[in-house]
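Quick notes on the structure that follows.
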Amino acid sequence: MFERFTVKARAVIERAQVPALQRGDGYIGTEHLLLALVQPNTGIASTVLAAVDVTADRVTEALDNATQRPGIVSEEDVAVLIELGIDAESILEQARMIPGDAQRAPVADGGHRPYTKKAKKALENSLREAIQLKDNYIGTEHLLLGLLRTDGLALEVLRDLGVDLADVRQRAIDARSSAA
């Protein structure tokens, strides 16, 4: 499958390591792919996202807000666990580093991070999008279309930003057609 990726699409996939490292995440999720796609001059996807005012700063802010939302463990639950001698804060920090769909434990800073199941699914969906559009390559526009088809933090962030997902999809398809 990777032989079908354009140079820019491969660069985006590799560049997703950077925000994962910067954020201290031990994995690459859909959110890291989105952060790599919104970087200027990375291809059709960055142009489409910029046209709907999706910038790296806005994605980062929305991502920070999304990851700070309360989870299923309340402060009272944490207090009870601490009283029982359980290091709940350490456990919760580890859980933050490994989302439910991650396949491997986090790596030391500077190491290669594994892709989550959802990030892998987004890459698979990019191939499906290219096939559906009868393209013999996978570009950044297909990566964006794949993210739009994959339930994950990237999709949540785009919704939080008020992005019309159908509009972005159509813009990516149209931009792809006009770039040919």
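Residues are named by chain letter and number: chains run A, B, ... in the order of the structure tokens, numbers start at 1 in each chain, and ligands are numbered from 1 in the order shown.
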Show which residues sit within 9 Å of Ala9 in chain A, as a VMD selection string. Count only C-alpha atoms, and ignore same-chain residues fewer than 2 positions away. chain A and resid 5 to 7 11 to 14 37 42 to 43 138 to 143
Preceding selection exported with C-alpha atoms as a PDB file, in the first residue's frame:
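Once written, part36.pdb looks like this:
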```pdb
ATOM      1  CA  PHE A   5       1.606   7.211  -1.385  1.00  0.00           C
ATOM      2  CA  THR A   6       2.926  10.393  -2.969  1.00  0.00           C
ATOM      3  CA  VAL A   7       6.105  12.002  -1.652  1.00  0.00           C
ATOM      4  CA  ALA A  11       6.220  13.103   4.419  1.00  0.00           C
ATOM      5  CA  VAL A  12       2.971  13.819   6.307  1.00  0.00           C
ATOM      6  CA  ILE A  13       2.898  10.277   7.678  1.00  0.00           C
ATOM      7  CA  GLU A  14       6.498  10.571   8.839  1.00  0.00           C
ATOM      8  CA  LEU A  37      -1.721  17.630   7.548  1.00  0.00           C
ATOM      9  CA  THR A  42       2.073  19.971   2.714  1.00  0.00           C
ATOM     10  CA  GLY A  43      -0.231  19.420  -0.242  1.00  0.00           C
ATOM     11  CA  ILE A 138      -2.644   8.286  -2.405  1.00  0.00           C
ATOM     12  CA  GLY A 139      -2.050  11.986  -1.786  1.00  0.00           C
ATOM     13  CA  THR A 140      -2.576  14.245   1.196  1.00  0.00           C
ATOM     14  CA  GLU A 141      -6.145  14.806   0.032  1.00  0.00           C
ATOM     15  CA  HIS A 142      -6.776  11.066   0.375  1.00  0.00           C
ATOM     16  CA  LEU A 143      -5.208  11.121   3.853  1.00  0.00           C
TER      17      LEU A 143
END
```
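If you look at CA of Leu153 in chain A and CA of Asp64 in chain A, they are 11.0 Å away from each other.
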Write out as a VMD selection string each polymer residue whose atoms come within 10 Å of Ala172 in chain A, counting only C-alpha atoms; drop sequence neighbours fewer than 3 positions from it. chain A and resid 44 to 49 140 to 142 144 to 145 166 to 169 175 to 178
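Interatomic distance, CA of Tyr27 in chain A against CA of Tyr115 in chain A: 5.8 Å.
Interatomic distance, CA of Ala36 in chain A against CA of Thr60 in chain A: 11.1 Å.
Shortest separation to Lys118 in chain A among A:His32, A:Arg171, A:Lys134, A:Arg159 occurs at residue A:His32, atoms counted being only C-alpha atoms.
Of the residues under consideration (A:Ala50, A:Val59, A:Val18, A:Val38), A:Val59 shows the shortest atom-to-atom contact distance to Glu156 in chain A when counting only C-alpha atoms.
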Taking 5 positions as the minimum chain separation for residues in the same chain, which residues sit within 10 Å of range 148-152 of chain A when counting only C-alpha atoms? Answer as a CSV table (one decimal) with N, CA and C atoms, in the first residue's frame.
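The new file selection-v3.csv reads:
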```csv
chain,number,residue,atom,x,y,z
A,29,GLY,N,-1.7,9.0,16.8
A,29,GLY,CA,-3.1,8.8,16.6
A,29,GLY,C,-3.6,9.7,15.5
A,30,THR,N,-4.9,9.6,15.2
A,30,THR,CA,-5.4,10.4,14.2
A,30,THR,C,-5.2,11.9,14.4
A,31,GLU,N,-5.1,12.3,15.6
A,31,GLU,CA,-4.9,13.7,15.9
A,31,GLU,C,-3.5,14.2,15.5
A,101,ASP,N,-7.0,2.3,21.9
A,101,ASP,CA,-6.8,1.5,20.7
A,101,ASP,C,-5.3,1.4,20.3
A,117,LYS,N,-4.7,1.8,16.3
A,117,LYS,CA,-5.5,1.1,15.4
A,117,LYS,C,-6.3,2.1,14.6
A,118,LYS,N,-6.8,3.2,15.2
A,118,LYS,CA,-7.6,4.2,14.5
A,118,LYS,C,-6.7,5.0,13.4
A,119,ALA,N,-5.5,5.3,13.8
A,119,ALA,CA,-4.6,5.9,12.8
A,119,ALA,C,-4.3,5.0,11.6
A,120,LYS,N,-4.1,3.7,11.9
A,120,LYS,CA,-4.0,2.7,10.8
A,120,LYS,C,-5.2,2.6,10.0
A,121,LYS,N,-6.4,2.7,10.7
A,121,LYS,CA,-7.6,2.6,9.9
A,121,LYS,C,-7.8,3.8,9.0
A,122,ALA,N,-7.4,5.0,9.5
A,122,ALA,CA,-7.4,6.2,8.7
A,122,ALA,C,-6.5,6.0,7.4
A,123,LEU,N,-5.4,5.4,7.6
A,123,LEU,CA,-4.5,5.2,6.4
A,123,LEU,C,-5.1,4.2,5.5
A,124,GLU,N,-5.8,3.1,6.0
A,124,GLU,CA,-6.5,2.2,5.2
A,124,GLU,C,-7.6,2.9,4.4
A,125,ASN,N,-8.3,3.8,5.2
A,125,ASN,CA,-9.4,4.5,4.5
A,125,ASN,C,-9.0,5.4,3.4
A,126,SER,N,-7.7,5.9,3.6
A,126,SER,CA,-7.2,6.8,2.5
A,126,SER,C,-7.0,6.0,1.2
A,128,ARG,N,-8.9,3.3,0.5
A,128,ARG,CA,-10.3,3.1,0.0
A,128,ARG,C,-10.8,4.4,-0.8
A,129,GLU,N,-10.5,5.6,-0.2
A,129,GLU,CA,-10.9,6.8,-0.9
A,129,GLU,C,-10.2,6.9,-2.3
A,142,HIS,N,-6.2,12.4,0.0
A,142,HIS,CA,-6.8,11.1,0.4
A,142,HIS,C,-6.6,10.8,1.9
A,143,LEU,N,-5.4,11.3,2.4
A,143,LEU,CA,-5.2,11.1,3.9
A,143,LEU,C,-6.3,11.9,4.6
A,157,VAL,N,-11.9,16.7,17.0
A,157,VAL,CA,-11.4,18.1,17.0
A,157,VAL,C,-12.0,18.9,15.9
A,158,LEU,N,-12.1,18.3,14.7
A,158,LEU,CA,-12.7,19.0,13.6
A,158,LEU,C,-14.1,19.4,13.9
A,165,LEU,N,-17.9,18.9,7.9
A,165,LEU,CA,-17.1,17.8,7.4
A,165,LEU,C,-17.5,17.4,5.9
A,166,ALA,N,-18.8,17.5,5.6
A,166,ALA,CA,-19.2,17.3,4.2
A,166,ALA,C,-18.6,18.3,3.2
A,168,VAL,N,-15.7,20.0,3.7
A,168,VAL,CA,-14.3,19.7,3.6
A,168,VAL,C,-14.1,18.5,2.7
A,169,ARG,N,-14.9,17.5,2.8
A,169,ARG,CA,-14.8,16.3,1.9
A,169,ARG,C,-14.9,16.8,0.4
```
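With distances restricted to only C-alpha atoms, A:Arg4 is the closest residue to Ala130 in chain A from A:Arg23, A:Pro114, A:Arg4, A:Ala66.
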Go through A:Ala51, A:Asn136, A:Ser90, A:Arg113 one by one, measure the shortest atom-to-atom distance of each to Gly26 in chain A using only C-alpha atoms, and give the residue with the smallest value. A:Arg113
